[in-house]
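Structure data (compact mmCIF, C-alpha atoms) from protein.txt:
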# COMPACT_ATOMS: atom_id res chain seq x y z
CA MET M 857 147.57 125.93 97.27
CA ALA M 858 146.64 123.12 99.63
CA LEU M 859 147.84 119.57 98.94
CA LEU M 860 145.97 116.31 99.54
CA ILE M 861 147.97 113.09 99.62
CA ARG M 862 145.38 110.49 98.72
CA GLU M 863 145.05 106.95 100.13
CA GLY M 864 148.65 106.17 101.00
CA THR M 865 149.90 103.72 103.60
CA ALA M 866 150.77 106.33 106.20
CA LEU M 867 153.21 105.83 109.05
CA LEU M 868 151.40 107.52 111.95
CA PRO M 869 152.64 107.74 115.55
CA ASP M 870 150.76 104.52 116.39
CA GLY M 871 151.91 102.59 113.30
CA PHE M 872 150.95 102.09 109.66
CA ARG M 873 147.43 102.84 108.47
CA ASP M 874 146.31 101.91 104.96
CA GLY M 875 144.10 104.12 102.80
CA THR M 876 144.99 107.29 104.67
CA ASP M 877 144.54 110.82 103.33
CA VAL M 878 146.80 113.65 104.51
CA ARG M 879 145.56 117.17 103.80
CA ILE M 880 148.10 119.97 103.99
CA ALA M 881 147.38 123.70 104.07
CA GLU M 882 149.82 126.57 104.54
CA GLY M 883 152.64 124.13 105.26
CA ILE M 884 150.83 122.42 108.13
CA ILE M 885 149.19 118.99 108.30
CA GLU M 886 145.53 119.93 108.59
CA ARG M 887 143.70 116.57 108.44
CA VAL M 888 144.73 112.91 108.66
CA GLY M 889 142.13 110.23 108.02
CA ALA M 890 140.00 108.41 105.48
CA HIS M 891 137.95 110.11 102.77
CA VAL M 892 139.20 113.62 103.55
CA SER M 893 137.61 116.20 101.27
CA PRO M 894 140.27 117.76 99.04
CA GLY M 895 138.52 121.12 98.77
CA ALA M 896 140.63 123.47 96.68
CA ALA M 897 143.71 121.26 96.84
CA THR M 898 146.13 119.59 94.47
CA VAL M 899 145.74 115.81 94.80
CA PHE M 900 148.76 113.49 94.95
CA ASP M 901 147.73 109.87 94.34
CA ALA M 902 149.65 107.79 96.91
CA ARG M 903 147.83 104.51 96.43
CA GLY M 904 150.35 101.69 96.76
CA LEU M 905 152.93 104.03 98.30
CA ILE M 906 154.27 104.63 101.81
CA VAL M 907 153.77 108.10 103.28
CA ALA M 908 156.26 108.65 106.09
CA PRO M 909 157.65 111.53 108.13
CA GLY M 910 160.47 113.18 106.23
CA PHE M 911 163.98 111.99 107.01
CA ILE M 912 166.04 114.17 109.34
CA ASP M 913 169.84 114.01 109.27
CA VAL M 914 171.34 115.51 112.43
CA HIS M 915 174.91 114.74 111.37
CA ILE M 916 175.90 115.71 107.82
CA HIS M 917 178.89 117.77 106.70
CA GLY M 918 178.26 117.99 102.99
CA ALA M 919 177.07 116.66 99.64
CA ALA M 920 177.27 117.39 95.91
CA GLY M 921 180.87 118.58 96.18
CA ALA M 922 180.12 121.11 98.95
CA MET M 923 180.95 121.17 102.68
CA CYS M 924 179.19 123.07 105.45
CA GLU M 925 182.62 123.93 106.85
CA GLU M 926 183.39 125.99 103.75
CA GLY M 927 180.72 128.49 104.74
CA LYS M 928 179.51 129.13 101.18
CA PRO M 929 175.85 129.97 100.47
CA ASP M 930 175.81 128.18 97.11
CA GLY M 931 177.30 125.12 98.78
CA LEU M 932 174.52 125.07 101.36
CA GLU M 933 171.98 125.22 98.54
CA ARG M 934 173.64 122.29 96.72
CA ILE M 935 173.57 120.21 99.88
CA SER M 936 169.91 121.08 100.49
CA THR M 937 168.92 120.21 96.93
CA LEU M 938 170.63 116.82 96.86
CA LEU M 939 169.27 115.84 100.28
CA ALA M 940 165.72 116.52 99.09
CA GLN M 941 166.26 113.98 96.32
CA ARG M 942 167.15 111.43 99.03
CA GLY M 943 164.02 111.98 101.11
CA VAL M 944 165.61 114.30 103.67
CA THR M 945 163.35 117.17 104.70
CA GLY M 946 165.54 118.65 107.44
CA PHE M 947 169.17 118.52 108.54
CA LEU M 948 171.70 119.95 110.94
CA ALA M 949 174.59 121.57 109.09
CA THR M 950 177.47 119.82 110.84
CA LEU M 951 180.84 121.42 111.47
CA ALA M 952 184.02 119.52 112.30
CA ALA M 953 186.86 120.96 114.39
CA LEU M 954 188.10 124.15 112.73
CA PRO M 955 190.34 127.06 113.74
CA ALA M 956 188.33 129.54 115.79
CA ALA M 957 188.05 132.17 113.05
CA ASN M 958 186.98 129.62 110.42
CA LEU M 959 184.39 128.15 112.75
CA ARG M 960 182.91 131.58 113.45
CA ALA M 961 182.73 132.36 109.74
CA ALA M 962 181.03 129.05 108.90
CA VAL M 963 178.47 129.44 111.69
CA GLU M 964 177.62 132.98 110.66
CA THR M 965 177.20 132.07 106.97
CA ILE M 966 174.97 129.09 107.73
CA ALA M 967 172.81 131.22 110.02
CA THR M 968 172.53 133.96 107.40
CA TYR M 969 171.52 131.73 104.49
CA ALA M 970 169.77 128.79 106.19
CA GLY M 971 166.30 130.18 105.56
CA GLY M 972 166.85 130.59 101.84
CA VAL M 973 167.59 127.02 100.74
CA THR M 974 165.05 125.46 98.39
CA GLY M 975 165.35 121.75 99.21
CA ALA M 976 165.75 120.10 102.60
CA ARG M 977 165.42 122.64 105.41
CA VAL M 978 168.32 123.64 107.64
CA LEU M 979 166.95 122.85 111.10
CA GLY M 980 170.06 124.07 112.83
CA ILE M 981 173.78 123.52 113.35
CA HIS M 982 175.62 120.57 114.89
CA LEU M 983 179.01 121.49 116.33
CA GLU M 984 180.79 118.15 116.05
CA GLY M 985 184.03 119.93 116.83
CA PRO M 986 186.17 121.37 118.31
CA PHE M 987 185.69 120.01 121.85
CA LEU M 988 186.99 116.52 121.10
CA SER M 989 189.70 114.16 122.32
CA PRO M 990 192.87 114.05 120.20
CA GLN M 991 193.12 110.37 121.19
CA ARG M 992 189.98 109.64 119.16
CA ALA M 993 190.28 112.18 116.37
CA GLY M 994 189.13 109.92 113.54
CA ALA M 995 189.56 111.90 110.32
CA GLN M 996 189.39 115.27 112.11
CA VAL M 997 192.40 117.54 112.57
CA VAL M 998 193.96 117.20 116.03
CA GLY M 999 195.49 120.67 115.83
CA HIS M 1000 192.03 122.24 115.62
CA MET M 1001 190.72 120.56 118.78
CA ARG M 1002 190.59 122.48 122.03
CA ALA M 1003 189.21 122.36 125.56
CA PRO M 1004 185.48 122.96 126.06
CA SER M 1005 184.76 126.66 126.46
CA ILE M 1006 181.33 128.02 127.25
CA GLU M 1007 182.61 131.46 126.27
CA GLU M 1008 183.41 130.18 122.76
CA PHE M 1009 180.04 128.41 122.57
CA ASP M 1010 178.20 131.57 123.60
CA GLU M 1011 180.04 133.59 120.95
CA LEU M 1012 179.19 131.01 118.30
CA GLN M 1013 175.56 130.79 119.37
CA ALA M 1014 175.24 134.57 119.17
CA LEU M 1015 176.60 134.48 115.61
CA ALA M 1016 174.22 131.59 114.85
CA GLY M 1017 171.17 133.41 116.16
CA GLY M 1018 170.40 130.42 118.37
CA LEU M 1019 170.66 127.86 115.55
CA ILE M 1020 173.18 125.60 117.29
CA ARG M 1021 171.00 122.64 118.29
CA LEU M 1022 173.58 119.93 119.05
CA VAL M 1023 177.14 119.95 120.39
CA THR M 1024 179.48 116.94 120.50
CA VAL M 1025 181.96 116.85 123.37
CA ALA M 1026 184.38 114.32 124.87
CA PRO M 1027 183.27 114.13 128.52
CA GLU M 1028 186.72 113.25 129.90
CA LEU M 1029 188.26 116.58 128.84
CA ASN M 1030 189.10 119.17 131.47
CA GLY M 1031 186.09 121.44 131.93
CA ALA M 1032 183.75 119.19 129.98
CA LEU M 1033 181.23 118.52 132.75
CA PRO M 1034 180.41 122.16 133.61
CA PHE M 1035 180.44 122.89 129.88
CA ILE M 1036 177.83 120.17 129.24
CA ALA M 1037 175.62 121.54 132.02
CA ALA M 1038 175.93 125.10 130.73
CA VAL M 1039 175.10 124.14 127.13
CA ARG M 1040 172.04 122.22 128.31
CA ASP M 1041 170.96 125.23 130.38
CA ARG M 1042 171.10 127.27 127.17
CA GLY M 1043 168.72 124.88 125.42
CA ALA M 1044 171.03 122.94 123.08
CA ALA M 1045 171.44 119.16 123.21
CA VAL M 1046 174.81 117.62 124.06
CA SER M 1047 176.22 114.49 122.46
CA LEU M 1048 179.19 112.44 123.63
CA GLY M 1049 181.69 111.49 120.95
CA HIS M 1050 185.24 111.47 119.60
CA SER M 1051 186.10 110.34 123.08
CA ASN M 1052 188.31 107.94 125.01
CA ALA M 1053 186.00 108.13 128.03
CA THR M 1054 185.57 105.26 130.41
CA SER M 1055 182.11 104.13 131.42
CA GLU M 1056 182.39 106.16 134.62
CA GLU M 1057 183.41 109.29 132.72
CA THR M 1058 180.53 108.69 130.32
CA MET M 1059 178.02 108.48 133.16
CA LEU M 1060 179.35 111.72 134.63
CA GLY M 1061 178.66 113.31 131.25
CA VAL M 1062 175.12 111.94 131.30
CA GLU M 1063 174.54 113.22 134.82
CA ALA M 1064 175.77 116.64 133.65
CA GLY M 1065 173.13 116.67 130.90
CA ALA M 1066 174.34 114.76 127.82
CA THR M 1067 171.53 112.86 126.11
CA HIS M 1068 173.01 111.61 122.82
CA VAL M 1069 176.02 109.75 121.39
CA THR M 1070 177.74 110.73 118.15
CA HIS M 1071 178.22 107.91 115.59
CA LEU M 1072 178.15 105.02 118.05
CA PHE M 1073 181.16 102.64 117.77
CA ASN M 1074 183.21 105.10 115.71
CA ALA M 1075 185.98 107.33 117.12
CA MET M 1076 185.52 106.13 120.70
CA ARG M 1077 187.00 103.69 123.22
CA GLU M 1078 186.37 100.10 122.23
CA VAL M 1079 184.21 97.84 124.40
CA HIS M 1080 186.06 95.69 126.93
CA HIS M 1081 184.34 93.27 129.27
CA ARG M 1082 185.88 95.05 132.27
CA GLU M 1083 185.62 98.56 130.82
CA PRO M 1084 182.54 99.07 128.62
CA GLY M 1085 183.36 102.72 127.86
CA ILE M 1086 180.89 104.91 126.00
CA ILE M 1087 179.66 102.05 123.83
CA GLY M 1088 178.60 99.76 126.66
CA SER M 1089 177.10 102.69 128.54
CA ALA M 1090 175.15 103.90 125.51
CA LEU M 1091 173.74 100.46 124.74
CA THR M 1092 172.48 99.97 128.29
CA ASP M 1093 171.41 103.45 129.42
CA ASP M 1094 168.00 104.38 128.01
CA ARG M 1095 168.61 108.06 128.69
CA LEU M 1096 170.99 108.12 125.74
CA SER M 1097 169.97 108.14 122.10
CA VAL M 1098 172.63 106.98 119.66
CA GLU M 1099 173.64 107.67 116.07
CA LEU M 1100 174.38 104.88 113.58
CA ILE M 1101 176.12 105.23 110.21
CA CYS M 1102 174.65 102.31 108.27
CA ASP M 1103 176.77 102.24 105.13
CA GLY M 1104 178.25 98.80 105.80
CA HIS M 1105 181.72 100.31 106.35
CA HIS M 1106 181.46 102.24 109.61
CA VAL M 1107 179.48 99.59 111.52
CA ALA M 1108 179.04 95.89 110.75
CA PRO M 1109 175.44 94.75 110.22
CA ARG M 1110 175.60 92.50 113.30
CA MET M 1111 176.47 95.52 115.44
CA VAL M 1112 173.53 97.38 113.93
CA ASP M 1113 171.38 94.41 114.94
CA LEU M 1114 172.87 94.48 118.45
CA THR M 1115 172.03 98.17 118.74
CA PHE M 1116 168.41 97.71 117.67
CA ARG M 1117 168.09 94.82 120.13
CA SER M 1118 169.59 96.93 122.94
CA LYS M 1119 167.98 100.34 122.52
CA PRO M 1120 164.27 101.08 123.06
CA ALA M 1121 162.10 102.56 120.33
CA GLY M 1122 162.97 106.15 119.53
CA LYS M 1123 166.55 106.00 120.76
CA ILE M 1124 168.38 105.19 117.53
CA ALA M 1125 168.97 107.99 115.03
CA LEU M 1126 170.28 107.09 111.60
CA VAL M 1127 172.81 109.62 110.35
CA SER M 1128 174.88 109.88 107.20
CA ASP M 1129 178.00 111.71 108.45
CA ALA M 1130 178.21 112.46 104.73
CA VAL M 1131 180.83 114.74 103.26
CA ALA M 1132 181.16 116.43 99.88
CA ALA M 1133 181.54 112.98 98.27
CA LEU M 1134 177.80 112.26 98.57
CA GLY M 1135 176.44 112.39 95.05
CA LEU M 1136 179.86 112.34 93.38
CA PRO M 1137 181.22 109.48 91.22
CA ASP M 1138 183.93 107.11 92.43
CA GLY M 1139 187.45 108.46 92.17
CA PRO M 1140 189.82 110.90 93.88
CA CYS M 1141 188.50 113.93 95.76
CA ALA M 1142 189.91 116.50 98.16
CA MET M 1143 188.48 118.00 101.33
CA PHE M 1144 190.29 120.99 102.83
CA GLY M 1145 193.36 119.96 100.86
CA VAL M 1146 193.30 116.39 102.21
CA GLU M 1147 193.41 113.79 99.45
CA CYS M 1148 190.64 111.20 99.64
CA VAL M 1149 189.26 108.42 97.45
CA ILE M 1150 185.61 107.49 96.86
CA ALA M 1151 185.21 103.77 96.15
CA ASP M 1152 182.82 100.92 96.95
CA GLY M 1153 180.40 103.17 98.81
CA ALA M 1154 183.00 104.65 101.17
CA VAL M 1155 185.22 107.72 101.43
CA ARG M 1156 188.73 107.08 102.71
CA LEU M 1157 191.91 109.08 103.22
CA ARG M 1158 194.19 108.40 100.27
CA HIS M 1159 197.12 107.98 102.62
CA GLY M 1160 196.35 105.49 105.38
CA GLY M 1161 192.91 104.40 104.24
CA ASN M 1162 190.96 105.66 107.27
CA LEU M 1163 187.30 106.43 106.75
CA ALA M 1164 186.72 110.16 106.19
CA GLY M 1165 183.01 110.63 106.71
CA SER M 1166 180.74 108.87 104.23
CA CYS M 1167 178.95 109.12 100.89
CA LEU M 1168 175.80 107.65 102.45
CA SER M 1169 172.29 109.10 102.34
CA LEU M 1170 169.49 108.26 104.76
CA ASP M 1171 167.28 106.60 102.16
CA GLN M 1172 170.15 104.21 101.38
CA ALA M 1173 170.70 103.62 105.11
CA VAL M 1174 167.04 102.64 105.46
CA ARG M 1175 167.32 100.24 102.53
CA ASN M 1176 170.55 98.79 103.90
CA ILE M 1177 168.97 97.98 107.26
CA ARG M 1178 165.96 96.49 105.52
CA ARG M 1179 168.32 94.18 103.63
CA TRP M 1180 170.50 93.33 106.63
CA LEU M 1181 167.70 92.91 109.19
CA PRO M 1182 164.56 91.74 107.37
CA HIS M 1183 163.01 90.71 110.70
CA LEU M 1184 163.02 94.31 111.97
CA PRO M 1185 159.67 96.08 111.55
CA ILE M 1186 160.04 98.69 108.80
CA GLU M 1187 158.22 101.26 110.91
CA ARG M 1188 161.07 101.06 113.42
CA VAL M 1189 163.63 101.66 110.71
CA LEU M 1190 161.72 104.63 109.28
CA ALA M 1191 161.30 106.09 112.77
CA ALA M 1192 165.08 105.91 113.21
CA ALA M 1193 165.39 108.19 110.18
CA SER M 1194 162.67 110.65 111.21
CA SER M 1195 161.01 110.83 114.62
CA ALA M 1196 164.06 109.63 116.59
CA PRO M 1197 166.50 112.26 115.26
CA ALA M 1198 163.80 114.89 115.73
CA ALA M 1199 163.45 113.87 119.37
CA ALA M 1200 167.22 113.87 119.86
CA ILE M 1201 167.41 117.60 119.11
CA GLY M 1202 164.10 118.54 120.73
CA GLU M 1203 162.39 119.21 117.39
CA SER M 1204 158.67 119.08 118.17
CA GLN M 1205 157.17 120.54 114.99
CA THR M 1206 158.30 117.84 112.57
CA GLY M 1207 159.18 114.13 112.67
CA ALA M 1208 155.59 112.82 112.74
CA ILE M 1209 152.47 112.73 110.59
CA ALA M 1210 149.95 114.33 112.90
CA GLU M 1211 147.50 117.19 112.68
CA GLY M 1212 149.13 120.51 113.52
CA ARG M 1213 152.65 119.37 112.68
CA THR M 1214 154.81 120.89 109.96
CA ALA M 1215 154.16 119.03 106.69
CA ASP M 1216 157.62 117.50 106.14
CA LEU M 1217 156.97 114.15 104.46
CA VAL M 1218 158.61 111.56 102.23
CA ILE M 1219 156.69 109.28 99.88
CA LEU M 1220 158.31 105.90 99.21
CA ASP M 1221 157.64 103.00 96.90
CA ALA M 1222 157.51 99.34 97.94
CA HIS M 1223 161.30 99.08 97.62
CA LEU M 1224 161.80 102.15 99.85
CA GLY M 1225 162.87 104.30 96.92
CA VAL M 1226 162.03 107.99 97.20
CA VAL M 1227 159.06 109.00 95.03
CA ALA M 1228 158.57 112.53 96.38
CA THR M 1229 159.82 114.82 99.13
CA ILE M 1230 157.57 117.44 100.72
CA CYS M 1231 158.95 120.29 102.84
CA ARG M 1232 156.52 122.60 104.62
CA GLY M 1233 153.75 121.35 102.39
CA GLU M 1234 155.57 121.96 99.12
CA ILE M 1235 156.77 119.19 96.82
CA VAL M 1236 160.47 120.06 96.54
CA TRP M 1237 161.42 116.93 94.60
CA GLN M 1238 159.48 114.30 92.67
CA ARG M 1239 160.73 111.28 90.77
Just give me the structure as structure tokens.
Amino acid sequence: MALLIREGTALLPDGFRDGTDVRIAEGIIERVGAHVSPGAATVFDARGLIVAPGFIDVHIHGAAGAMCEEGKPDGLERISTLLAQRGVTGFLATLAALPAANLRAAVETIATYAGGVTGARVLGIHLEGPFLSPQRAGAQVVGHMRAPSIEEFDELQALAGGLIRLVTVAPELNGALPFIAAVRDRGAAVSLGHSNATSEETMLGVEAGATHVTHLFNAMREVHHREPGIIGSALTDDRLSVELICDGHHVAPRMVDLTFRSKPAGKIALVSDAVAALGLPDGPCAMFGVECVIADGAVRLRHGGNLAGSCLSLDQAVRNIRRWLPHLPIERVLAAASSAPAAAIGESQTGAIAEGRTADLVILDAHLGVVATICRGEIVWQR
């Protein structure tokens, strides 16, 4: 049955519009405007609520005790279900560096079961590993990292049925530049990350076809006034979109402010980089046999204390930025969780409330809490 969202404050491509109706039929946004006739439609009263494009997380490894890397269908369903509760309508199942056989198995399982999840949609796969620099491994396993190989990518993409949408690579690695160009020629986006690249090496990666930066500030060369590295290049080159993990642990609020001041509209994508800890209570947990601890809104390695992904969700990231940067227009923050990540992966069917687009929407209250999540025109979660 069709769905009419009645008289919400809708975030449209040109900004907020009060008293807006959104009529959805067969999973597509059919009409946007005032006083739209419901016809034979279920009516959702959105008066006093914000109607925004659904959140899109292009960098998430897991949630609800499950990891994409495990390659388990029930785990993918648990992740999808929890994300829907947090306003996420689409995500890239993200895979860290794994042994070749494990990576193939995870890719194949995700591709096989992606269409069957009942919450947030699997929009594709993000290969965060294995083509990373051991010098900037972060919490990833150095022994699983390897040189960029277009042959390995092609094998993985064949197993994925074309679902690999984003690949992270360190541009300074041997063979990285032709690899970046080849991946772009095959239609996937390339992100620079887990890298010790200089600014010059970064720019060579951009010239080869990279358009995105994985979790800006984290697992990369620090900024120096004589060597800005990836960070300085990303903040000043408008060709690059950047990811931010806004949990208050990965990036200080002032650096989030600096990024929003530096990057033009549409070039900041909020990501969670969440792992299985998202949705779990504080306490010990294990990922691939590595002992971790969830505490104070962060996930850290039990031995050493390094951050190991996050337990953040995008709705919380939006609320965090609203609290940290009250001067920032809320439409810019919401766009960073929806239209900007969609643009980063070339997703043209979602990420905006516009006629003809896929009806992936989130309905929020005045405090930016999630009231309902709509995927392809169906209410998949409601508070």
Skip stretch 951-964 of chain M itself and residues of its chain fewer than 2 positions away, then list as a PyMOL selection string all residues within 10 Å of it, counting only C-alpha atoms. chain M and resi 915-918+923-929+948-949+966-970+981-988+993+995-1002+1008+1011-1017+1019-1020+1023-1024
Can you spit out the residues from that selection as a JSON list (two decimals), in the frame of the given file, using C-alpha atoms?
[["chain", "number", "residue", "atom", "x", "y", "z"],
["M", 915, "HIS", "CA", 174.91, 114.74, 111.37],
["M", 916, "ILE", "CA", 175.90, 115.71, 107.82],
["M", 917, "HIS", "CA", 178.89, 117.77, 106.70],
["M", 918, "GLY", "CA", 178.26, 117.99, 102.99],
["M", 923, "MET", "CA", 180.95, 121.17, 102.68],
["M", 924, "CYS", "CA", 179.19, 123.07, 105.45],
["M", 925, "GLU", "CA", 182.62, 123.93, 106.85],
["M", 926, "GLU", "CA", 183.39, 125.99, 103.75],
["M", 927, "GLY", "CA", 180.72, 128.49, 104.74],
["M", 928, "LYS", "CA", 179.51, 129.13, 101.18],
["M", 929, "PRO", "CA", 175.85, 129.97, 100.47],
["M", 948, "LEU", "CA", 171.70, 119.95, 110.94],
["M", 949, "ALA", "CA", 174.59, 121.57, 109.09],
["M", 966, "ILE", "CA", 174.97, 129.09, 107.73],
["M", 967, "ALA", "CA", 172.81, 131.22, 110.02],
["M", 968, "THR", "CA", 172.53, 133.96, 107.40],
["M", 969, "TYR", "CA", 171.52, 131.73, 104.49],
["M", 970, "ALA", "CA", 169.77, 128.79, 106.19],
["M", 981, "ILE", "CA", 173.78, 123.52, 113.35],
["M", 982, "HIS", "CA", 175.62, 120.57, 114.89],
["M", 983, "LEU", "CA", 179.01, 121.49, 116.33],
["M", 984, "GLU", "CA", 180.79, 118.15, 116.05],
["M", 985, "GLY", "CA", 184.03, 119.93, 116.83],
["M", 986, "PRO", "CA", 186.17, 121.37, 118.31],
["M", 987, "PHE", "CA", 185.69, 120.01, 121.85],
["M", 988, "LEU", "CA", 186.99, 116.52, 121.10],
["M", 993, "ALA", "CA", 190.28, 112.18, 116.37],
["M", 995, "ALA", "CA", 189.56, 111.90, 110.32],
["M", 996, "GLN", "CA", 189.39, 115.27, 112.11],
["M", 997, "VAL", "CA", 192.40, 117.54, 112.57],
["M", 998, "VAL", "CA", 193.96, 117.20, 116.03],
["M", 999, "GLY", "CA", 195.49, 120.67, 115.83],
["M", 1000, "HIS", "CA", 192.03, 122.24, 115.62],
["M", 1001, "MET", "CA", 190.72, 120.56, 118.78],
["M", 1002, "ARG", "CA", 190.59, 122.48, 122.03],
["M", 1008, "GLU", "CA", 183.41, 130.18, 122.76],
["M", 1011, "GLU", "CA", 180.04, 133.59, 120.95],
["M", 1012, "LEU", "CA", 179.19, 131.01, 118.30],
["M", 1013, "GLN", "CA", 175.56, 130.79, 119.37],
["M", 1014, "ALA", "CA", 175.24, 134.57, 119.17],
["M", 1015, "LEU", "CA", 176.60, 134.48, 115.61],
["M", 1016, "ALA", "CA", 174.22, 131.59, 114.85],
["M", 1017, "GLY", "CA", 171.17, 133.41, 116.16],
["M", 1019, "LEU", "CA", 170.66, 127.86, 115.55],
["M", 1020, "ILE", "CA", 173.18, 125.60, 117.29],
["M", 1023, "VAL", "CA", 177.14, 119.95, 120.39],
["M", 1024, "THR", "CA", 179.48, 116.94, 120.50]]
Mind pulling up the distance from atom CA of M:Val1039 to atom CA of M:Phe1009?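 Between these atoms lies a distance of 8.0 Å.
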At most 12 Å is the cut-off: for each residue in stretch 1184-1207 of chain M with any atom that close to an atom of stretch 1067-1088 of chain M, write down the nearest atom pair and the distance in Å rounded to one decimal, counting all atoms listed in the file, chain first then increasing number, as a tab-separated table.
residue	atom	partner	partner_atom	distance
M:Ala1196	CA	M:His1068	CA	11.1
M:Pro1197	CA	M:His1068	CA	10.0
M:Ala1199	CA	M:His1068	CA	10.4
M:Ala1200	CA	M:His1068	CA	6.9
M:Ile1201	CA	M:His1068	CA	9.0
M:Gly1202	CA	M:Thr1067	CA	10.8
Which residues are near M:Arg879? Cut-off 9 Å, all atoms listed in the file, ignore same chain within fewer than 2 positions. Put them as a PDB file with C-alpha atoms, in the coordinates of the input.
ATOM      1  CA  ALA M 858     146.640 123.120  99.630  1.00  0.00           C
ATOM      2  CA  LEU M 859     147.840 119.570  98.940  1.00  0.00           C
ATOM      3  CA  LEU M 860     145.970 116.310  99.540  1.00  0.00           C
ATOM      4  CA  ILE M 861     147.970 113.090  99.620  1.00  0.00           C
ATOM      5  CA  ARG M 862     145.380 110.490  98.720  1.00  0.00           C
ATOM      6  CA  ASP M 877     144.540 110.820 103.330  1.00  0.00           C
ATOM      7  CA  ALA M 881     147.380 123.700 104.070  1.00  0.00           C
ATOM      8  CA  ILE M 884     150.830 122.420 108.130  1.00  0.00           C
ATOM      9  CA  ILE M 885     149.190 118.990 108.300  1.00  0.00           C
ATOM     10  CA  GLU M 886     145.530 119.930 108.590  1.00  0.00           C
ATOM     11  CA  ARG M 887     143.700 116.570 108.440  1.00  0.00           C
ATOM     12  CA  VAL M 888     144.730 112.910 108.660  1.00  0.00           C
ATOM     13  CA  GLY M 889     142.130 110.230 108.020  1.00  0.00           C
ATOM     14  CA  VAL M 892     139.200 113.620 103.550  1.00  0.00           C
ATOM     15  CA  SER M 893     137.610 116.200 101.270  1.00  0.00           C
ATOM     16  CA  PRO M 894     140.270 117.760  99.040  1.00  0.00           C
ATOM     17  CA  ALA M 897     143.710 121.260  96.840  1.00  0.00           C
TER      18      ALA M 897
END
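Atom CA of M:Leu1168 is found 10.7 Å from atom CA of M:Leu939.
Among the candidate residues M:Ser1169, M:Gln1205, M:Thr965, M:Thr1214, the one lying nearest to M:Ala920 is M:Ser1169, with distances computed using only C-alpha atoms.
Candidate residues M:Gly921, M:Val914, M:Arg977, M:Ile1230 were compared for distance to M:Ile1101, and the nearest is M:Val914, using all atoms listed in the file.
Compared by their closest atoms to M:Gly1165, and using only C-alpha atoms, the residues M:Ala1121, M:Ala1026, M:Val1127, M:Leu1033 rank with M:Val1127 nearest.
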Take atom CA of M:Ala919 and atom CA of M:Ala1222 and report the distance between them in Å, one decimal.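 Separating atom CA of M:Ala919 from atom CA of M:Ala1222 is a distance of 26.2 Å.
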Nearest to M:Leu1224 by atom-to-atom distance, counting all atoms listed in the file, from M:Val1146, M:Val1189, M:Ala1208, M:Ala1133: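 Closest residue, counting all atoms listed in the file: M:Val1189.
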Taking (143.3, 103.0, 109.0) in the file's coordinates as the center, which residues reach within 12 Å of it, counting only C-alpha atoms, put as an mmCIF file with C-alpha atoms, in the coordinates of the input?
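That gives us selection_2.cif:
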data_model
loop_
_atom_site.group_PDB
_atom_site.id
_atom_site.type_symbol
_atom_site.label_atom_id
_atom_site.label_comp_id
_atom_site.auth_asym_id
_atom_site.auth_seq_id
_atom_site.Cartn_x
_atom_site.Cartn_y
_atom_site.Cartn_z
ATOM 1 C CA GLU M 863 145.050 106.950 100.130
ATOM 2 C CA GLY M 864 148.650 106.170 101.000
ATOM 3 C CA THR M 865 149.900 103.720 103.600
ATOM 4 C CA ALA M 866 150.770 106.330 106.200
ATOM 5 C CA LEU M 867 153.210 105.830 109.050
ATOM 6 C CA LEU M 868 151.400 107.520 111.950
ATOM 7 C CA ASP M 870 150.760 104.520 116.390
ATOM 8 C CA GLY M 871 151.910 102.590 113.300
ATOM 9 C CA PHE M 872 150.950 102.090 109.660
ATOM 10 C CA ARG M 873 147.430 102.840 108.470
ATOM 11 C CA ASP M 874 146.310 101.910 104.960
ATOM 12 C CA GLY M 875 144.100 104.120 102.800
ATOM 13 C CA THR M 876 144.990 107.290 104.670
ATOM 14 C CA ASP M 877 144.540 110.820 103.330
ATOM 15 C CA VAL M 888 144.730 112.910 108.660
ATOM 16 C CA GLY M 889 142.130 110.230 108.020
ATOM 17 C CA ALA M 890 140.000 108.410 105.480
ATOM 18 C CA HIS M 891 137.950 110.110 102.770
#
Find, counting all atoms listed in the file, the residue in M:Gly1065, M:Pro1027, M:Gly946, M:Gly994 that gets nearest to M:Phe911. M:Gly946
Given all atoms listed in the file as the counted atoms, nearest of M:Lys1119, M:Arg1158, M:Arg1110, M:Arg1232 to M:Val1098: M:Lys1119
List the spatial neighbours of M:Thr974 as a list in words - criterion: any atom at most 7 Å away, all atoms listed in the file, same-chain residues fewer than 3 positions off excluded. Glu933, Ser936 and Thr937 of chain M
Where atoms are lacking, stretch 942-947 of chain M completed to N, CA and C atoms, as a PDB file, in the coordinates of the input:
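Below is the file selection-v1.pdb, written as the result:
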ATOM      1  N   ARG M 942     166.954 112.657  98.245  1.00  0.00           N
ATOM      2  CA  ARG M 942     167.150 111.430  99.030  1.00  0.00           C
ATOM      3  C   ARG M 942     166.137 111.308 100.159  1.00  0.00           C
ATOM      4  N   GLY M 943     165.079 112.108 100.120  1.00  0.00           N
ATOM      5  CA  GLY M 943     164.020 111.980 101.110  1.00  0.00           C
ATOM      6  C   GLY M 943     164.233 112.741 102.393  1.00  0.00           C
ATOM      7  N   VAL M 944     165.303 113.521 102.462  1.00  0.00           N
ATOM      8  CA  VAL M 944     165.610 114.300 103.670  1.00  0.00           C
ATOM      9  C   VAL M 944     164.849 115.618 103.602  1.00  0.00           C
ATOM     10  N   THR M 945     164.088 115.916 104.652  1.00  0.00           N
ATOM     11  CA  THR M 945     163.350 117.170 104.700  1.00  0.00           C
ATOM     12  C   THR M 945     163.988 118.194 105.640  1.00  0.00           C
ATOM     13  N   GLY M 946     164.877 117.737 106.528  1.00  0.00           N
ATOM     14  CA  GLY M 946     165.540 118.650 107.440  1.00  0.00           C
ATOM     15  C   GLY M 946     166.883 118.093 107.873  1.00  0.00           C
ATOM     16  N   PHE M 947     167.844 118.987 108.126  1.00  0.00           N
ATOM     17  CA  PHE M 947     169.170 118.520 108.540  1.00  0.00           C
ATOM     18  C   PHE M 947     169.848 119.553 109.420  1.00  0.00           C
TER      19      PHE M 947
END
